[in-house]
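Data from target-v7.txt: compact mmCIF, C-alpha atoms
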# COMPACT_ATOMS: atom_id res chain seq x y z
CA MET I 1 37.16 216.07 -34.76
CA ALA I 2 40.50 216.15 -36.51
CA LYS I 3 42.78 219.01 -35.54
CA ARG I 4 42.80 221.67 -38.24
CA PHE I 5 46.17 222.56 -39.59
CA LEU I 6 47.51 225.10 -42.01
CA ALA I 7 50.42 224.80 -44.42
CA LEU I 8 51.99 228.26 -44.69
CA CYS I 9 53.92 228.43 -47.98
CA ARG I 10 56.36 231.36 -48.16
CA GLN I 11 59.00 230.19 -50.63
CA ALA I 12 59.31 230.88 -54.33
CA PRO I 13 59.59 227.77 -56.50
CA TYR I 14 62.87 226.37 -57.97
CA GLY I 15 65.41 228.58 -56.12
CA ASN I 16 65.29 226.36 -53.07
CA ALA I 17 63.74 223.00 -52.35
CA LEU I 18 61.34 224.05 -49.63
CA ALA I 19 58.50 225.07 -51.97
CA ARG I 20 58.52 221.63 -53.61
CA GLU I 21 59.07 219.65 -50.43
CA GLY I 22 56.36 221.67 -48.71
CA LEU I 23 53.83 220.77 -51.39
CA GLU I 24 54.95 217.13 -51.23
CA ALA I 25 54.24 217.13 -47.50
CA VAL I 26 50.83 218.69 -48.13
CA LEU I 27 49.96 216.03 -50.73
CA ALA I 28 51.20 213.22 -48.47
CA ALA I 29 49.12 214.47 -45.54
CA SER I 30 46.07 214.85 -47.77
CA ALA I 31 46.49 211.33 -49.13
CA LEU I 32 46.22 210.17 -45.49
CA GLU I 33 43.02 212.16 -45.16
CA GLN I 34 44.60 214.81 -42.96
CA VAL I 35 43.91 217.59 -45.41
CA PRO I 36 45.52 220.89 -44.43
CA ASP I 37 44.41 224.31 -45.55
CA LEU I 38 46.97 226.26 -47.58
CA LEU I 39 48.06 229.87 -47.33
CA PHE I 40 50.45 231.33 -49.90
CA CYS I 41 52.25 234.32 -48.47
CA GLY I 42 55.41 236.31 -49.22
CA ASP I 43 57.41 234.86 -52.14
CA GLY I 44 55.16 231.80 -51.89
CA VAL I 45 52.70 233.61 -54.16
CA PHE I 46 55.25 233.19 -56.97
CA GLN I 47 54.42 229.48 -56.91
CA LEU I 48 51.07 230.46 -58.39
CA LEU I 49 52.34 232.26 -61.50
CA PRO I 50 51.12 230.69 -64.76
CA GLU I 51 53.29 229.34 -67.56
CA GLN I 52 56.24 228.16 -65.50
CA SER I 53 58.63 226.30 -67.81
CA PRO I 54 61.46 224.90 -65.68
CA ALA I 55 62.68 222.34 -68.25
CA GLY I 56 65.55 224.68 -69.13
CA ILE I 57 66.88 224.52 -65.56
CA GLU I 58 66.31 220.76 -65.42
CA GLN I 59 63.63 220.87 -62.77
CA LYS I 60 60.19 219.36 -62.61
CA SER I 61 57.32 221.83 -62.82
CA LEU I 62 55.82 222.63 -59.44
CA GLN I 63 52.59 223.52 -61.19
CA ARG I 64 51.73 219.86 -61.66
CA ASN I 65 51.71 219.45 -57.88
CA LEU I 66 49.56 222.55 -57.51
CA GLN I 67 47.10 221.37 -60.15
CA ALA I 68 46.84 218.04 -58.33
CA LEU I 69 45.69 219.63 -55.07
CA PRO I 70 41.94 219.44 -55.79
CA VAL I 71 42.30 215.70 -56.50
CA PHE I 72 43.63 215.37 -52.94
CA GLY I 73 40.72 217.28 -51.45
CA ILE I 74 42.22 220.77 -51.41
CA GLU I 75 39.58 222.68 -53.35
CA THR I 76 40.57 226.17 -52.20
CA ALA I 77 43.79 227.88 -51.15
CA TYR I 78 44.26 231.21 -49.42
CA VAL I 79 46.51 233.89 -50.89
CA CYS I 80 47.84 236.87 -48.94
CA GLU I 81 46.56 240.03 -50.66
CA ARG I 82 49.32 242.18 -49.26
CA SER I 83 52.02 239.84 -50.62
CA LEU I 84 50.43 240.01 -54.08
CA ALA I 85 50.24 243.81 -54.00
CA GLN I 86 53.88 244.11 -52.85
CA ARG I 87 54.91 242.10 -55.90
CA GLY I 88 52.76 243.94 -58.42
CA LEU I 89 50.40 240.97 -58.81
CA ASP I 90 46.69 240.41 -58.50
CA LEU I 91 44.55 237.28 -58.40
CA GLY I 92 43.71 237.56 -62.10
CA MET I 93 47.38 237.13 -63.00
CA LEU I 94 47.71 233.77 -61.22
CA ALA I 95 47.39 230.30 -62.68
CA SER I 96 44.01 228.66 -62.98
CA GLY I 97 43.27 224.95 -62.98
CA GLY I 98 44.41 224.26 -59.43
CA PRO I 99 42.51 225.03 -56.26
CA GLU I 100 40.25 228.06 -56.21
CA LEU I 101 42.32 230.96 -54.87
CA ARG I 102 40.78 233.01 -52.11
CA PRO I 103 42.34 236.37 -51.18
CA VAL I 104 42.98 237.06 -47.49
CA SER I 105 43.65 240.49 -46.03
CA ASP I 106 44.00 239.53 -42.34
CA THR I 107 46.42 236.60 -42.41
CA GLY I 108 47.01 236.87 -38.66
CA LYS I 109 43.39 236.19 -37.89
CA LEU I 110 43.35 233.30 -40.33
CA ILE I 111 46.49 231.72 -38.82
CA ALA I 112 45.22 232.08 -35.26
CA GLY I 113 42.23 229.89 -36.12
CA TYR I 114 44.36 226.76 -36.59
CA HIS I 115 45.61 224.19 -34.13
CA SER I 116 48.96 223.76 -35.90
CA VAL I 117 50.92 225.45 -38.64
CA LEU I 118 53.37 223.66 -40.91
CA ASN I 119 55.84 226.27 -42.14
CA PHE I 120 57.29 225.83 -45.62
CA MET O 1 46.72 233.00 -29.92
CA SER O 2 49.79 232.49 -32.07
CA LEU O 3 53.42 232.54 -31.01
CA HIS O 4 55.57 233.87 -33.84
CA ILE O 5 59.22 232.77 -33.77
CA VAL O 6 61.54 234.82 -36.00
CA SER O 7 65.06 233.49 -36.57
CA LYS O 8 66.45 235.70 -39.34
CA SER O 9 67.90 239.21 -39.25
CA PRO O 10 65.45 241.87 -40.47
CA PHE O 11 68.33 243.29 -42.53
CA SER O 12 68.72 240.14 -44.66
CA SER O 13 65.27 238.60 -44.74
CA THR O 14 61.60 239.57 -44.88
CA ALA O 15 60.87 237.08 -42.08
CA LEU O 16 60.22 239.75 -39.45
CA ALA O 17 58.28 242.06 -41.81
CA ASP O 18 56.11 239.15 -43.00
CA CYS O 19 55.58 238.06 -39.42
CA LEU O 20 54.54 241.54 -38.28
CA ALA O 21 52.07 241.73 -41.19
CA ALA O 22 50.48 238.54 -39.84
CA PHE O 23 50.56 239.58 -36.18
CA SER O 24 47.21 239.70 -34.39
CA GLU O 25 46.10 241.17 -31.08
CA GLY O 26 46.93 238.62 -28.39
CA ASP O 27 49.83 237.07 -30.33
CA ALA O 28 53.42 237.09 -29.06
CA LEU O 29 56.73 237.56 -30.87
CA LEU O 30 59.90 235.64 -29.96
CA LEU O 31 63.25 236.54 -31.52
CA ILE O 32 65.82 233.73 -31.72
CA GLU O 33 69.10 233.11 -33.55
CA ASP O 34 69.76 235.97 -36.03
CA GLY O 35 66.25 237.24 -35.38
CA VAL O 36 67.69 239.01 -32.32
CA TYR O 37 69.40 241.52 -34.64
CA ALA O 38 66.03 243.30 -34.69
CA LEU O 39 67.30 244.67 -31.37
CA SER O 40 70.50 246.11 -32.83
CA GLY O 41 71.77 249.61 -32.11
CA ARG O 42 69.12 252.27 -31.76
CA MET O 43 66.47 250.21 -33.51
CA SER O 44 65.47 248.87 -30.13
CA GLU O 45 62.09 250.62 -30.15
CA SER O 46 60.97 248.36 -32.97
CA PRO O 47 59.30 245.97 -33.64
CA ALA O 48 56.15 247.85 -32.77
CA VAL O 49 54.15 244.97 -31.36
CA ARG O 50 53.71 243.59 -27.85
CA PRO O 51 54.76 241.40 -26.26
CA VAL O 52 58.26 240.82 -27.63
CA TYR O 53 60.56 238.18 -26.15
CA CYS O 54 64.09 237.26 -27.10
CA LEU O 55 66.30 234.31 -26.24
CA GLU O 56 68.84 235.82 -23.90
CA SER O 57 71.55 233.35 -24.90
CA ASP O 58 71.19 234.26 -28.58
CA ALA O 59 71.34 238.01 -27.87
CA ARG O 60 74.32 237.64 -25.49
CA ALA O 61 76.13 235.41 -27.98
CA ARG O 62 75.96 238.26 -30.51
CA GLY O 63 76.92 241.06 -28.14
CA LEU O 64 73.50 242.70 -28.24
CA GLU O 65 71.92 244.74 -25.48
CA ILE O 66 68.35 243.77 -24.73
CA PRO O 67 66.13 246.86 -24.44
CA GLY O 68 63.74 247.14 -21.51
CA ALA O 69 60.66 246.75 -23.68
CA VAL O 70 61.82 243.27 -24.69
CA GLU O 71 61.70 240.40 -22.22
CA ALA O 72 64.86 238.28 -22.19
CA ILE O 73 64.02 234.62 -21.63
CA ASP O 74 65.81 231.31 -21.10
CA ASP O 75 65.06 227.97 -22.77
CA ALA O 76 62.61 226.88 -20.05
CA ARG O 77 60.55 230.04 -20.57
CA TRP O 78 60.70 229.41 -24.34
CA VAL O 79 59.03 226.05 -23.74
CA ALA O 80 56.47 227.70 -21.44
CA LEU O 81 55.64 230.30 -24.12
CA CYS O 82 54.97 227.46 -26.54
CA THR O 83 52.54 225.89 -24.07
CA GLU O 84 50.78 229.24 -23.55
CA HIS O 85 50.28 229.94 -27.27
CA ASN O 86 48.94 228.03 -30.22
CA PRO O 87 49.61 227.70 -33.11
CA ILE O 88 53.38 228.25 -33.24
CA VAL O 89 54.53 229.91 -36.46
CA SER O 90 58.20 229.86 -37.43
CA TRP O 91 59.51 232.57 -39.74
CA PHE O 92 62.91 231.24 -40.80
CA LYS O 93 63.56 232.50 -44.33
CA MET L 1 51.98 218.63 -22.94
CA LYS L 2 52.85 216.61 -26.05
CA PHE L 3 55.26 218.29 -28.49
CA SER L 4 56.55 217.35 -31.92
CA LEU L 5 59.36 219.11 -33.76
CA ALA L 6 59.99 219.49 -37.49
CA VAL L 7 63.66 220.11 -38.33
CA TYR L 8 64.52 221.31 -41.84
CA SER L 9 68.12 222.39 -41.43
CA ALA L 10 71.39 220.53 -41.68
CA PRO L 11 73.65 220.36 -38.64
CA HIS L 12 76.74 222.58 -38.60
CA SER L 13 75.38 224.79 -41.44
CA SER L 14 73.07 227.10 -39.56
CA GLN L 15 72.18 227.45 -35.90
CA SER L 16 68.74 226.04 -36.40
CA ALA L 17 69.45 222.32 -35.92
CA ALA L 18 71.28 223.14 -32.68
CA SER L 19 68.32 225.27 -31.57
CA ALA L 20 66.01 222.31 -32.14
CA LEU L 21 68.21 220.14 -29.93
CA ARG L 22 68.25 222.81 -27.21
CA PHE L 23 64.49 223.14 -27.36
CA ALA L 24 64.05 219.36 -27.21
CA ARG L 25 66.25 219.16 -24.11
CA ALA L 26 64.43 222.05 -22.48
CA LEU L 27 60.94 220.67 -23.04
CA LEU L 28 61.96 217.26 -21.71
CA ALA L 29 63.59 218.90 -18.68
CA GLU L 30 60.31 220.71 -18.02
CA GLY L 31 58.49 217.38 -17.91
CA HIS L 32 56.76 217.58 -21.28
CA GLU L 33 56.53 214.73 -23.75
CA LEU L 34 58.36 214.75 -27.08
CA HIS L 35 56.19 212.67 -29.38
CA ARG L 36 58.40 212.84 -32.47
CA VAL L 37 61.21 214.75 -34.14
CA PHE L 38 60.68 214.74 -37.90
CA PHE L 39 63.78 215.57 -39.96
CA TYR L 40 62.86 216.93 -43.37
CA CYS L 41 64.53 218.79 -46.24
CA ASP L 42 68.21 219.40 -45.38
CA GLY L 43 67.36 218.32 -41.84
CA VAL L 44 67.83 214.69 -42.95
CA HIS L 45 71.60 215.24 -42.63
CA ASN L 46 71.14 215.22 -38.86
CA GLY L 47 70.69 211.46 -39.23
CA SER L 48 74.00 210.83 -40.99
CA ALA L 49 76.26 208.55 -38.98
CA LEU L 50 79.30 209.85 -40.85
CA ALA L 51 79.40 213.34 -39.35
CA ALA L 52 82.76 213.82 -37.62
CA PRO L 53 83.03 217.36 -36.23
CA PRO L 54 86.28 218.46 -34.55
CA GLN L 55 86.50 217.55 -30.86
CA ASP L 56 86.19 221.14 -29.65
CA GLU L 57 82.88 221.62 -31.48
CA PRO L 58 79.45 220.37 -30.44
CA ASP L 59 78.61 216.82 -31.50
CA LEU L 60 74.98 217.23 -32.56
CA LEU L 61 74.62 213.64 -33.72
CA GLY L 62 75.93 212.25 -30.45
CA ALA L 63 73.68 214.62 -28.53
CA TRP L 64 70.55 213.52 -30.43
CA GLN L 65 71.52 209.88 -29.92
CA ALA L 66 72.07 210.38 -26.19
CA LEU L 67 68.69 212.11 -25.86
CA GLN L 68 67.08 209.33 -27.88
CA ALA L 69 68.59 206.64 -25.67
CA GLU L 70 67.60 208.41 -22.47
CA HIS L 71 64.01 209.24 -23.44
CA GLY L 72 63.23 206.66 -26.13
CA LEU L 73 62.64 209.43 -28.65
CA ASP L 74 61.08 208.82 -32.04
CA LEU L 75 63.67 210.40 -34.37
CA VAL L 76 62.23 210.06 -37.86
CA VAL L 77 64.13 210.97 -41.03
CA CYS L 78 61.91 211.54 -44.07
CA ILE L 79 62.72 208.74 -46.48
CA ALA L 80 62.04 210.70 -49.69
CA ALA L 81 64.11 213.72 -48.61
CA ALA L 82 66.86 211.38 -47.34
CA GLN L 83 67.13 209.38 -50.56
CA ARG L 84 67.65 212.56 -52.56
CA ARG L 85 70.40 213.70 -50.23
CA GLY L 86 72.11 210.40 -49.63
CA VAL L 87 71.07 209.35 -46.13
CA LEU L 88 70.33 205.63 -46.44
CA SER L 89 69.66 202.71 -44.14
CA GLU L 90 71.25 199.32 -44.83
CA SER L 91 68.11 198.05 -46.54
CA GLU L 92 67.66 201.22 -48.61
CA ALA L 93 71.30 201.15 -49.71
CA ARG L 94 70.82 197.54 -50.85
CA ARG L 95 67.53 198.26 -52.58
CA LEU L 96 68.86 201.35 -54.39
CA GLU L 97 72.22 199.69 -55.12
CA ARG L 98 74.30 202.31 -53.38
CA PRO L 99 77.77 201.46 -52.04
CA ALA L 100 77.18 202.34 -48.38
CA ALA L 101 74.58 203.02 -45.73
CA ASN L 102 74.89 205.90 -43.28
CA LEU L 103 71.68 206.20 -41.27
CA ALA L 104 72.77 206.69 -37.66
CA GLU L 105 71.68 204.45 -34.83
CA GLY L 106 68.69 205.87 -33.00
CA PHE L 107 67.16 207.32 -36.18
CA GLU L 108 64.67 205.63 -38.49
CA LEU L 109 63.55 206.30 -42.04
CA ALA L 110 59.82 206.73 -42.61
CA GLY L 111 57.40 208.43 -44.95
CA LEU L 112 55.94 211.92 -44.91
CA GLY L 113 52.81 210.52 -43.33
CA GLN L 114 54.73 210.55 -40.04
CA LEU L 115 54.80 214.35 -40.19
CA ALA L 116 51.03 214.57 -40.67
CA ASP L 117 50.63 212.00 -37.91
CA ALA L 118 52.85 214.05 -35.59
CA VAL L 119 50.65 217.09 -36.21
CA ALA L 120 47.53 215.08 -35.45
CA GLN L 121 48.95 213.42 -32.32
CA SER L 122 50.64 216.43 -30.71
CA ASP L 123 49.43 219.42 -28.73
CA ARG L 124 52.19 221.57 -30.21
CA LEU L 125 54.28 221.47 -33.39
CA VAL L 126 57.40 223.63 -33.54
CA THR L 127 59.32 224.04 -36.81
CA PHE L 128 63.06 224.68 -36.98
CA GLY L 129 64.15 225.78 -40.45
CA GLY L 130 66.52 228.09 -42.23
Take the structure from the file and write it as structure tokens.
Amino acid sequence: MAKRFLALCRQAPYGNALAREGLEAVLAASALEQVPDLLFCGDGVFQLLPEQSPAGIEQKSLQRNLQALPVFGIETAYVCERSLAQRGLDLGMLASGGPELRPVSDTGKLIAGYHSVLNF
Amino acid sequence: MSLHIVSKSPFSSTALADCLAAFSEGDALLLIEDGVYALSGRMSESPAVRPVYCLESDARARGLEIPGAVEAIDDARWVALCTEHNPIVSWFK
Amino acid sequence: MKFSLAVYSAPHSSQSAASALRFARALLAEGHELHRVFFYCDGVHNGSALAAPPQDEPDLLGAWQALQAEHGLDLVVCIAAAQRRGVLSESEARRLERPAANLAEGFELAGLGQLADAVAQSDRLVTFGG
């Protein structure tokens, strides 16, 4: 059985490159049929906001990468409930069209279930 | 269980707070680089999880005292901790 | 035990790249295997042959190269992240029509699949970022 691994995404989009390069790594791994699970935590939940329009700052939209996830076999993604609440967000305010978003209250328990964690 | 490695100061980053929110029974916390500033001054009772380790060289480099509740370790012990725990989660921003 | 490391930080900017080197040395000294070091994001700058730090400062490039030569390490620089940041092999510089190549000896350019492969092949993955 393949080792299960988790991509832990904690960075907001656009302000630094790690959010984008993290998703690129996730898509590359998935294309090689090593599909990780995803957990958005901390500022990483900002990646999931709808209606991002980064043309004005001359960046490519990260949402296209997120919407592509199901095509690469990532049908669901976990979202840290506490991180959402801290930022005044709830699941209903996040973008649809990508993977199904599943709220997680005990992220520690979730993380401990994986063989490896890729931190982005 | 997980080994959480925190490398940023709790005064400039949410790395430690986010890590503690994801800390489970049986996990371990290792402070490295600027993460050792969690031990600064009279804050040494926190973080309120066990066990807490810190890289002795990083704490000494910064002139920090290592409180008794925190185990100071060298690089070889750091490697050993990584063999004893899985997965290894790095909190670096 | 078989380790792989992911390094996201540039040398001489934060402590993190130096920490990765220390950890690599320590795990090898303890008799473990280092399957791969994958340099990603700003970490690709670790593979630049043009770094020339002052003599009284640590030479991270030279240290990685010495460790590579001694242990036959697989030091992989992500090709996509490296192209963006200007770390190119001779063949990439030719292909992309850039005036110079700067990938250091001992390092190789490869795709992101090598990171997924490192995860799959290793008992432990340790990330050095920030």
Compute the chain L side of the contact with chain I at 7 Å, counting all atoms listed in the file, and hand it back as a list of chain:residue names.
L:Cys41, L:Leu112, L:Gly113, L:Ala116, L:Val119, L:Ala120, L:Arg124, L:Leu125, L:Thr127
Chain O contacts on chain L, only C-alpha atoms, 10 Å, as a list of chain:residue names
L:Met1, L:Lys2, L:Phe3, L:Ser14, L:Gln15, L:Ser16, L:Ser19, L:Arg22, L:Phe23, L:Ala24, L:Arg25, L:Ala26, L:Leu27, L:Leu28, L:Ala29, L:Glu30, L:His32, L:Asp123, L:Arg124, L:Leu125, L:Val126, L:Thr127, L:Phe128, L:Gly129, L:Gly130
With distances taken over all atoms listed in the file, which of O:Ala22, O:Leu39, O:Leu29, O:Leu3 is nearest to Gly68 in chain O?
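The closest residue to Gly68 in chain O is O:Leu39.
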Would you list the contacts of Val44 in chain L as a PyMOL selection string, taking every protein, DNA or RNA residue within 12 Å and counting all atoms listed in the file, but skipping same-chain residues closer than 3 positions in sequence?
chain L and resi 6-11+17+37-41+47-49+61+75-88+102-104+107-110+129
Which chain I residues have any atom within 9 Å of an atom of chain O, and for each, what is the nearest pair of atoms with distance in Å to one decimal, counting all atoms listed in the file, rows sorted by chain and number, as CSV?
residue,atom,partner,partner_atom,distance
I:Phe5,CA,O:Pro87,CA,9.0
I:Leu8,CA,O:Val89,CA,8.8
I:Arg10,CA,O:Lys93,CA,8.2
I:Gln11,CA,O:Lys93,CA,8.1
I:Cys41,CA,O:Asp18,CA,8.3
I:Gly42,CA,O:Asp18,CA,6.9
I:Arg82,CA,O:Ala21,CA,8.5
I:Ser83,CA,O:Asp18,CA,8.7
I:Asp106,CA,O:Ala22,CA,7.0
I:Thr107,CA,O:Ala22,CA,5.2
I:Gly108,CA,O:Ala22,CA,4.0
I:Lys109,CA,O:Ser24,CA,6.3
I:Leu110,CA,O:Ala22,CA,8.9
I:Ile111,CA,O:Ser2,CA,7.6
I:Ala112,CA,O:Ser2,CA,5.6
I:Gly113,CA,O:Met1,CA,8.3
I:Tyr114,CA,O:Pro87,CA,6.4
I:His115,CA,O:Pro87,CA,5.4
I:Ser116,CA,O:Pro87,CA,4.9
I:Val117,CA,O:Pro87,CA,6.1
I:Leu118,CA,O:Val89,CA,7.8
I:Asn119,CA,O:Ser90,CA,6.4
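In this model, the gap between CA of Gln63 in chain I and CA of Gly44 in chain I comes to 12.7 Å.
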Nearby residues (only C-alpha atoms) at most 7 Å from Ala77 in chain I, same-chain spacing under 4 positions excluded, as a count of residues only
7
